[in-house]
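Below: one structure, written as structure tokens.
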There are 2 protein chains.
Amino acid sequence: MHALTLISLGTVFLTTSCNGRFFDNLEERYSESEDVSLWPLPRQFQSSPAAFKLSASRFEIVHAQDSTAGPSCTLLQNAFRRYFEYIFGYLNKQATLPNEVFDSELTQLQVLITSSDPECHGYPNLKTDESYQLEVDELKAVLKAPNVWGALRGLETFSQLVYEDDYGVNNINKTSISDYPRFAHRGILLDTSRHYVPLKVILVNLEVMAMNKFNVFHWHIVDDTSFPYVSRTFPDLSQKGAFHPYTHVYTPSDVKLVIEFARMRGIRVIAEFDTPGHTQSWGKGQTDLLTPCFSGSHPSGTFGPVNPILNSTYDFMTSFFKEIGTVFPDAYIHLGGDEVDFSCWKSNPDVQKFMEQQGFGQDYSKLESFYIQRLLDIVSSTNKGYMVWQEVFDNGVKLKGDTVVEVWIMNKLKEELQNVTGAGFTAILAAPWYLDYISTGQDWKKYYQVEPLSFDGTSEQKKLVIGGEACLWGEFVDATNLTPRLWPRASAVAERLWSDESVKDLGNAYTRLVKHRCRMLRRGIPAEPLYVGHCPHEYSGL
Amino acid sequence: MHALTLISLGTVFLTTSCNGRFFDNLEERYSESEDVSLWPLPRQFQSSPAAFKLSASRFEIVHAQDSTAGPSCTLLQNAFRRYFEYIFGYLNKQATLPNEVFDSELTQLQVLITSSDPECHGYPNLKTDESYQLEVDELKAVLKAPNVWGALRGLETFSQLVYEDDYGVNNINKTSISDYPRFAHRGILLDTSRHYVPLKVILVNLEVMAMNKFNVFHWHIVDDTSFPYVSRTFPDLSQKGAFHPYTHVYTPSDVKLVIEFARMRGIRVIAEFDTPGHTQSWGKGQTDLLTPCFSGSHPSGTFGPVNPILNSTYDFMTSFFKEIGTVFPDAYIHLGGDEVDFSCWKSNPDVQKFMEQQGFGQDYSKLESFYIQRLLDIVSSTNKGYMVWQEVFDNGVKLKGDTVVEVWIMNKLKEELQNVTGAGFTAILAAPWYLDYISTGQDWKKYYQVEPLSFDGTSEQKKLVIGGEACLWGEFVDATNLTPRLWPRASAVAERLWSDESVKDLGNAYTRLVKHRCRMLRRGIPAEPLYVGHCPHEYSGL
């Protein structure tokens, strides 16, 4: 609806070079071409007012001749279709270009994968190279990336470069982009225990994650409240621990679908099975797993954390995590380890006796560490790496060198980062991005202004901060409100984790984010408004 | 999903009498029949464990023989269909009763309208009698009401009494209800200016209002940001003042549809055209309506509130409100009058001169009152009553006796109610129910615990508090998130305004509201969760 103020075309060819350091230039450029709005902002970016038209009947996304990927690369084939749809999907009933080719028309995007292994059938991981280069010029554009993962990021950027002119015709400016993420781990945590989140809602949010270049879905799949994960080895866990054993569960094929849907979008799925606390729902389908709490000298009938003093507990965990290691292909499993309440352990005479035998005194964090240590060893033996919440590190548990420690306690955040990285462990930041906390107004600014590396530490320590996660805990969200509550608030985190540290101007971010949100609406996503205003195409769902 | 713990049936016939005073009894009864959950709670309520089945193929809602309404009463015909659908709509693919009639089956709900004029083709108003009586017994149920408006409330209650048993069969208990609202004005304010709210979203929310027995849609239709109302008399107002003149407007036929859709559900539509402040968008399509602001001795190019010193202003208002009075059938128009910023008036030399001529000194609230007074006289001459925000009363404007003063400033709320009612005016309460303010947690409890009459005043004064409104201002909501943000938070306000003052137990309310929310989900409404948990039928939209 807004008139495109850009005065094009033809031979005029001005470029401005922009990355974080030349941000002011960028702002200037954006005021010229107000319908383009990249999110997150690429690392290096050159553009000119020269614009080329795109016609749905002629434009194609193809494998470049020298690409190591070809039509058998279903991941890319699928992505080509998806981005063609994003670009032209809405135009079907709208403007179409006449039959003759325009002077200045872009007819092809060639995707060139350069590595000998394009990784078409693999999974992304922590070391994945997500870089890409994009050159848009008359007649053709070239997207070059070492592998399919960078190509996916570049396709998203390409689709964001396309804008509609006053006649509803798609345009793209002459552009040159070189881009790569600042942090390797850029995640979204969804909690499917406190409320069940229907499969459809998970898939849609994976879709939006890709639009924002997130690359990790941290699936906090079970917790105290319910156990929706259907285990082949222990089917009673969901049969008795889910809200409903048929309507409120994730079957093996559901989980496979989520993982494959995510893979196609360059997103890792890291499942969290949090123990020894947060396990009330486990106890319903697995007898003797949880610690019986005592009231005086008698069992009270209630249960506490996982029982750390029984061999059967470790037998169970061995079988269970063997299955989990097979079901989830990612190299990491999240083992939780947060918020363990000691009161039940303290009440239980058998646990008291065990504490004495082990010489733990009254220090129940030693018992917690005892449990976690054994669990970590079990999981390590399945050849998986693990992530843990910060308490596991804080309690002095011996961790493998590749452990990722997730920092979630806001109070003393910087000290924690200092300590974790000082001890040589990698850390990710969750604390400043608990999106389940809501307040009136534009809280995205708060998330945006977080600088993950603003703690005292050597450059080696800073390198150990590998990213962060926007966490949407499930107490107050389900299918009715999850998606608009997450987006575009999580988009603020997306740019912080992808773009250069120097990209932090709130005014510029607001202008781009408003448009990015309108783009999400146009792609059918109910992303909530940042503030007063409108989008040319409002959300058309309920 | 939860098993129905009620042990029925047959000859056992126990009743407990419940209204506000016997609330403890009620709680007991609910624990017996845990799938029934009325919201808002009726005034008098008797029920027994005797349950009757309902079959979609045999159950009918009909006009009672002695009813003054018949098949020509489209409002009721339509409501019969709607409530049949609410009760049986989901069951199509599920359990159906065998062909023979059960021993204990309810086959008919007879609706008996008793007044000589059933008001089938009228509109509800402030004096409308919404009372009804409902008797459910074997074979037939009777819903008796003076007019169609009470019948609509009773149909909602009837539909809430029906519950599904373990076999998916619909049941209803032997029940006797006598019900009427505590307050006459029970409203929802939606703001369609700061964001455009698509027609579909307005209609859905009218639907949900009826499920919660709200009876006023306060349509804050225009404001500074945009003017989506298409005026026949002044088409430029929306042509130039809307976000978009075609996609972001309400045409005359849209407005008609909203009014008729609301009428069919017993909901008044009170349009607000707020002046003299909050009018920036009016200025785009109506030259000279707004006051030109000055910077020193020169116009600054910006504009302030409506210009109160020009005759043309009053000519415009006369024509405009003549149209509004015709378009909106309700006896009241909301004229706004809140938050007038005097700085622009102060800067304008012509206004200064006028102030001097009128002897207003430097008291610009006198100028505001001067404007409002003339506006009120204009609107009165169209035979409409008016509602105003509290500032109009506070500034000492002379008001007609039937003026409704809307109290919105939280600070000194009780004093304001004392003053407004002390001066003999009717008041409605908005201040405690600004639902656009959000925070983490169960804020519905805060809304629920408001007691509108807890101010110092005579019983005559208390009678002048005729209700309240839950207000969802539009800064941060649009089609993506409006509905889940409003419901079930506004449901808390609904019960406060309908049920007896003594109905205030939070625990009981929580239990019922959780189920009421699940019922809204089942009817297709994305009402957000109150806290952890699940519904048998989750929201199936995005």
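Ordering of the structure tokens sets the chain letters (A, B, ...); residue numbers start at 1 within each chain; ligands are numbered from 1 in the order shown.
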Worksheet item: Which chain B residues are at most 7 Å from chain A (counting only C-alpha atoms), as a ChimeraX atom specification?
Response: /B:194-196,201,243,437-440,475-481,484,526-534,539,542
Run DSSP on the backbone and give me the residues of range 197-363 of chain B it puts in alpha helix (DSSP H), as a compact mmCIF listing (two decimals) with C-alpha atoms, in the first residue's frame.
```txt
# COMPACT_ATOMS: atom_id res chain seq x y z
CA LEU B 199 -15.20 -7.72 10.36
CA LYS B 200 -14.87 -11.47 10.95
CA VAL B 201 -13.01 -10.86 14.21
CA ILE B 202 -15.66 -8.42 15.42
CA LEU B 203 -18.42 -10.92 14.66
CA VAL B 204 -16.63 -13.76 16.42
CA ASN B 205 -16.20 -11.62 19.50
CA LEU B 206 -19.89 -10.69 19.49
CA GLU B 207 -20.53 -14.42 19.47
CA VAL B 208 -18.28 -14.89 22.50
CA MET B 209 -19.90 -11.92 24.25
CA ALA B 210 -23.22 -13.73 24.01
CA MET B 211 -21.63 -16.87 25.47
CA ASP B 236 -13.35 11.74 2.73
CA LEU B 237 -13.06 10.99 6.44
CA SER B 238 -12.30 7.34 5.74
CA GLN B 239 -11.03 7.86 2.20
CA LYS B 240 -8.18 9.90 3.64
CA GLY B 241 -8.24 8.99 7.30
CA PRO B 252 -22.30 1.09 5.74
CA SER B 253 -23.21 -2.51 5.02
CA ASP B 254 -20.44 -3.78 7.33
CA VAL B 255 -21.80 -1.59 10.11
CA LYS B 256 -25.35 -2.82 9.45
CA LEU B 257 -24.13 -6.39 9.61
CA VAL B 258 -22.39 -5.82 12.94
CA ILE B 259 -25.51 -4.20 14.39
CA GLU B 260 -27.82 -6.96 13.20
CA PHE B 261 -25.44 -9.73 14.26
CA ALA B 262 -25.27 -8.10 17.69
CA ARG B 263 -29.05 -7.62 17.89
CA GLN B 280 -6.01 13.42 14.36
CA SER B 281 -7.38 11.06 11.72
CA TRP B 282 -10.52 13.21 11.26
CA GLY B 283 -8.37 16.11 10.11
CA LYS B 284 -7.09 14.27 7.05
CA GLY B 285 -10.46 14.22 5.34
CA ASN B 311 -19.09 27.80 13.50
CA SER B 312 -18.12 25.42 10.70
CA THR B 313 -17.07 22.92 13.36
CA TYR B 314 -20.59 22.82 14.78
CA ASP B 315 -22.16 22.67 11.32
CA PHE B 316 -19.99 19.66 10.60
CA MET B 317 -20.84 17.98 13.91
CA THR B 318 -24.55 18.57 13.32
CA SER B 319 -24.48 16.82 9.94
CA PHE B 320 -22.12 14.11 11.12
CA PHE B 321 -24.05 13.13 14.23
CA LYS B 322 -27.32 13.30 12.35
CA GLU B 323 -25.94 10.51 10.19
CA ILE B 324 -24.56 8.60 13.18
CA GLY B 325 -27.93 8.85 14.92
CA THR B 326 -29.53 7.20 11.91
CA VAL B 327 -26.91 4.52 11.31
CA SER B 343 -1.07 22.83 24.37
CA CYS B 344 -2.17 23.34 20.76
CA TRP B 345 -5.16 25.48 21.74
CA LYS B 346 -2.85 27.55 23.92
CA SER B 347 -0.46 28.11 21.02
CA PRO B 349 -3.64 33.20 18.65
CA ASP B 350 -7.24 32.94 17.40
CA VAL B 351 -8.08 30.56 20.21
CA GLN B 352 -6.38 32.87 22.69
CA LYS B 353 -8.50 35.74 21.41
CA PHE B 354 -11.66 33.67 21.70
CA MET B 355 -10.76 32.72 25.28
CA GLU B 356 -10.48 36.38 26.08
CA GLN B 357 -13.80 37.24 24.41
CA GLN B 358 -15.55 34.49 26.35
```
Worksheet item: Got a sec: who's within 7 Å of range 181-185 of chain A, counting only C-alpha atoms, leaving out chain neighbours fewer than 4 positions off, as a PyMOL selection string?
Response: chain A and resi 126+130+215-216+466-468+497-500
File of the preceding selection, C-alpha atoms, as an mmCIF file, in the first residue's frame:
```cif
data_model
loop_
_atom_site.group_PDB
_atom_site.id
_atom_site.type_symbol
_atom_site.label_atom_id
_atom_site.label_comp_id
_atom_site.auth_asym_id
_atom_site.auth_seq_id
_atom_site.Cartn_x
_atom_site.Cartn_y
_atom_site.Cartn_z
ATOM 1 C CA LEU A 126 26.778 -27.094 16.042
ATOM 2 C CA GLU A 130 25.588 -21.457 7.488
ATOM 3 C CA ASN A 215 18.504 -23.129 13.856
ATOM 4 C CA VAL A 216 17.609 -24.980 17.074
ATOM 5 C CA ILE A 466 27.908 -20.097 21.338
ATOM 6 C CA GLY A 467 24.447 -18.576 21.305
ATOM 7 C CA GLY A 468 21.159 -18.382 23.099
ATOM 8 C CA LEU A 497 22.065 -13.916 17.594
ATOM 9 C CA TRP A 498 22.630 -13.640 13.852
ATOM 10 C CA SER A 499 23.695 -10.091 13.009
ATOM 11 C CA ASP A 500 26.815 -8.162 13.853
#
```
Worksheet entry | DSSP strand (DSSP E or B) residues within range 167-249 of chain A, as a PyMOL selection string | chain A and resi 170-179+185-191+216-220+229
I need the residues from that last selection saved to file as a compact mmCIF listing (two decimals), in the first residue's frame (with N, CA and C atoms), if you can.
```txt
# COMPACT_ATOMS: atom_id res chain seq x y z
N ASN A 170 6.25 -7.91 -8.65
CA ASN A 170 7.40 -8.18 -7.79
C ASN A 170 8.68 -7.60 -8.37
N ASN A 171 9.44 -6.96 -7.52
CA ASN A 171 10.70 -6.35 -7.91
C ASN A 171 11.81 -6.80 -6.97
N ILE A 172 13.04 -6.73 -7.48
CA ILE A 172 14.18 -6.96 -6.61
C ILE A 172 15.29 -6.02 -7.08
N ASN A 173 16.03 -5.48 -6.15
CA ASN A 173 17.11 -4.56 -6.51
C ASN A 173 18.41 -5.31 -6.76
N LYS A 174 19.26 -4.69 -7.54
CA LYS A 174 20.62 -5.21 -7.70
C LYS A 174 21.25 -5.24 -6.32
N THR A 175 21.74 -6.39 -5.92
CA THR A 175 22.17 -6.57 -4.53
C THR A 175 23.36 -7.53 -4.46
N SER A 176 24.19 -7.29 -3.48
CA SER A 176 25.29 -8.21 -3.22
C SER A 176 25.39 -8.43 -1.71
N ILE A 177 25.29 -9.67 -1.31
CA ILE A 177 25.26 -9.98 0.12
C ILE A 177 26.26 -11.08 0.44
N SER A 178 26.96 -10.89 1.55
CA SER A 178 27.80 -11.96 2.08
C SER A 178 27.41 -12.08 3.55
N ASP A 179 27.00 -13.27 3.95
CA ASP A 179 26.34 -13.37 5.25
C ASP A 179 26.71 -14.65 5.98
N HIS A 185 24.46 -21.32 17.86
CA HIS A 185 23.27 -21.92 18.48
C HIS A 185 22.21 -20.82 18.66
N ARG A 186 21.18 -20.88 17.86
CA ARG A 186 20.13 -19.85 17.91
C ARG A 186 18.79 -20.57 18.05
N GLY A 187 18.33 -20.64 19.29
CA GLY A 187 17.23 -21.56 19.56
C GLY A 187 15.93 -20.94 20.06
N ILE A 188 14.90 -21.75 19.94
CA ILE A 188 13.57 -21.46 20.51
C ILE A 188 13.21 -22.65 21.39
N LEU A 189 12.86 -22.37 22.63
CA LEU A 189 12.37 -23.43 23.52
C LEU A 189 10.85 -23.38 23.56
N LEU A 190 10.24 -24.50 23.22
CA LEU A 190 8.79 -24.65 23.43
C LEU A 190 8.58 -25.77 24.44
N ASP A 191 7.58 -25.59 25.27
CA ASP A 191 7.26 -26.48 26.38
C ASP A 191 5.94 -27.17 26.06
N VAL A 216 17.79 -23.93 16.07
CA VAL A 216 17.61 -24.98 17.07
C VAL A 216 16.18 -24.93 17.62
N PHE A 217 15.51 -26.05 17.60
CA PHE A 217 14.25 -26.20 18.31
C PHE A 217 14.55 -27.00 19.57
N HIS A 218 14.56 -26.31 20.71
CA HIS A 218 14.76 -26.95 22.00
C HIS A 218 13.39 -27.41 22.47
N TRP A 219 13.18 -28.71 22.37
CA TRP A 219 11.85 -29.27 22.64
C TRP A 219 11.79 -29.75 24.09
N HIS A 220 11.28 -28.88 24.95
CA HIS A 220 11.06 -29.24 26.35
C HIS A 220 9.79 -30.09 26.37
N TYR A 229 5.33 -37.55 25.29
CA TYR A 229 6.22 -38.34 24.42
C TYR A 229 5.88 -39.83 24.51
```
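Taking CA of Thr68 in chain A and CA of Thr157 in chain A as the two end points, the separation is 21.4 Å.
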Practice prompt. Excluding range 335-338 of chain B and residues on its chain fewer than 2 positions from it, collect all residues at most 9 Å away from it, counting only C-alpha atoms, and give them as an NGL selection string.
Written response: :B and (271-278 or 333 or 340 or 368 or 372 or 375-376 or 386-392)
Worksheet entry | range 443-456 of chain A environment, 7 Å, only C-alpha atoms, sequence neighbours closer than 5 positions dropped, as a VMD selection string | chain A and resid 414 418 432 to 433 462 489 492 to 493 496 504
Those same residues, written as a compact mmCIF listing (two decimals), in the first residue's frame with all heavy atoms?
```
# COMPACT_ATOMS: atom_id res chain seq x y z
N LYS A 414 25.97 -12.45 34.51
CA LYS A 414 27.32 -12.22 33.98
C LYS A 414 28.38 -13.04 34.71
O LYS A 414 29.30 -13.58 34.10
CB LYS A 414 27.66 -10.73 34.03
CG LYS A 414 26.82 -9.94 33.05
CD LYS A 414 27.13 -8.47 33.00
CE LYS A 414 26.17 -7.79 32.03
NZ LYS A 414 26.44 -6.36 31.86
N GLN A 418 30.88 -15.86 33.12
CA GLN A 418 32.31 -15.80 33.44
C GLN A 418 32.80 -17.15 33.97
O GLN A 418 33.82 -17.67 33.54
CB GLN A 418 32.49 -14.75 34.52
CG GLN A 418 33.64 -13.81 34.33
CD GLN A 418 33.61 -12.75 35.46
OE1 GLN A 418 32.56 -12.16 35.75
NE2 GLN A 418 34.75 -12.56 36.08
N PRO A 432 17.91 -13.85 29.66
CA PRO A 432 17.27 -12.57 29.32
C PRO A 432 16.09 -12.74 28.37
O PRO A 432 15.43 -11.76 28.05
CB PRO A 432 18.39 -11.79 28.62
CG PRO A 432 19.57 -12.70 28.55
CD PRO A 432 19.15 -14.07 28.93
N TRP A 433 15.85 -13.97 27.94
CA TRP A 433 14.87 -14.18 26.86
C TRP A 433 13.76 -15.15 27.26
O TRP A 433 13.38 -16.02 26.48
CB TRP A 433 15.62 -14.65 25.60
CG TRP A 433 16.53 -13.59 25.05
CD1 TRP A 433 16.26 -12.25 24.91
CD2 TRP A 433 17.87 -13.76 24.54
NE1 TRP A 433 17.34 -11.59 24.37
CE2 TRP A 433 18.34 -12.49 24.13
CE3 TRP A 433 18.72 -14.87 24.40
CZ2 TRP A 433 19.61 -12.29 23.59
CZ3 TRP A 433 19.99 -14.68 23.85
CH2 TRP A 433 20.42 -13.40 23.45
N LYS A 462 34.93 -15.62 25.56
CA LYS A 462 33.79 -15.12 24.77
C LYS A 462 33.43 -16.09 23.64
O LYS A 462 32.27 -16.26 23.31
CB LYS A 462 34.12 -13.74 24.19
CG LYS A 462 34.60 -12.73 25.23
CD LYS A 462 33.53 -11.79 25.69
CE LYS A 462 33.94 -11.06 26.95
NZ LYS A 462 33.58 -9.65 27.02
N ARG A 489 8.22 -11.21 18.94
CA ARG A 489 9.11 -10.95 20.08
C ARG A 489 10.39 -11.76 19.96
O ARG A 489 11.48 -11.26 20.26
CB ARG A 489 8.37 -11.26 21.39
CG ARG A 489 7.20 -10.28 21.65
CD ARG A 489 6.25 -10.83 22.69
NE ARG A 489 6.76 -10.71 24.03
CZ ARG A 489 6.71 -11.67 24.96
NH1 ARG A 489 6.20 -12.87 24.66
NH2 ARG A 489 7.15 -11.46 26.17
N ALA A 492 13.35 -10.47 17.73
CA ALA A 492 14.37 -9.59 18.32
C ALA A 492 15.59 -10.42 18.72
O ALA A 492 16.74 -10.03 18.49
CB ALA A 492 13.80 -8.85 19.53
N VAL A 493 15.35 -11.58 19.31
CA VAL A 493 16.43 -12.48 19.71
C VAL A 493 17.14 -13.02 18.46
O VAL A 493 18.37 -13.16 18.44
CB VAL A 493 15.86 -13.63 20.57
CG1 VAL A 493 16.99 -14.55 21.05
CG2 VAL A 493 15.06 -13.09 21.74
N ARG A 496 19.63 -10.51 17.24
CA ARG A 496 20.75 -10.41 18.19
C ARG A 496 21.72 -11.56 18.00
O ARG A 496 22.93 -11.39 18.11
CB ARG A 496 20.20 -10.38 19.64
CG ARG A 496 21.24 -10.26 20.74
CD ARG A 496 22.18 -9.06 20.57
NE ARG A 496 21.47 -7.82 20.34
CZ ARG A 496 21.62 -7.08 19.24
NH1 ARG A 496 22.48 -7.43 18.28
NH2 ARG A 496 20.93 -5.97 19.08
N LYS A 504 22.47 -2.47 16.39
CA LYS A 504 21.69 -2.35 17.62
C LYS A 504 20.86 -1.08 17.71
O LYS A 504 20.34 -0.75 18.76
CB LYS A 504 22.61 -2.47 18.83
CG LYS A 504 23.77 -1.52 18.88
CD LYS A 504 24.70 -1.91 20.06
CE LYS A 504 25.91 -1.00 20.09
NZ LYS A 504 26.92 -1.45 21.05
```
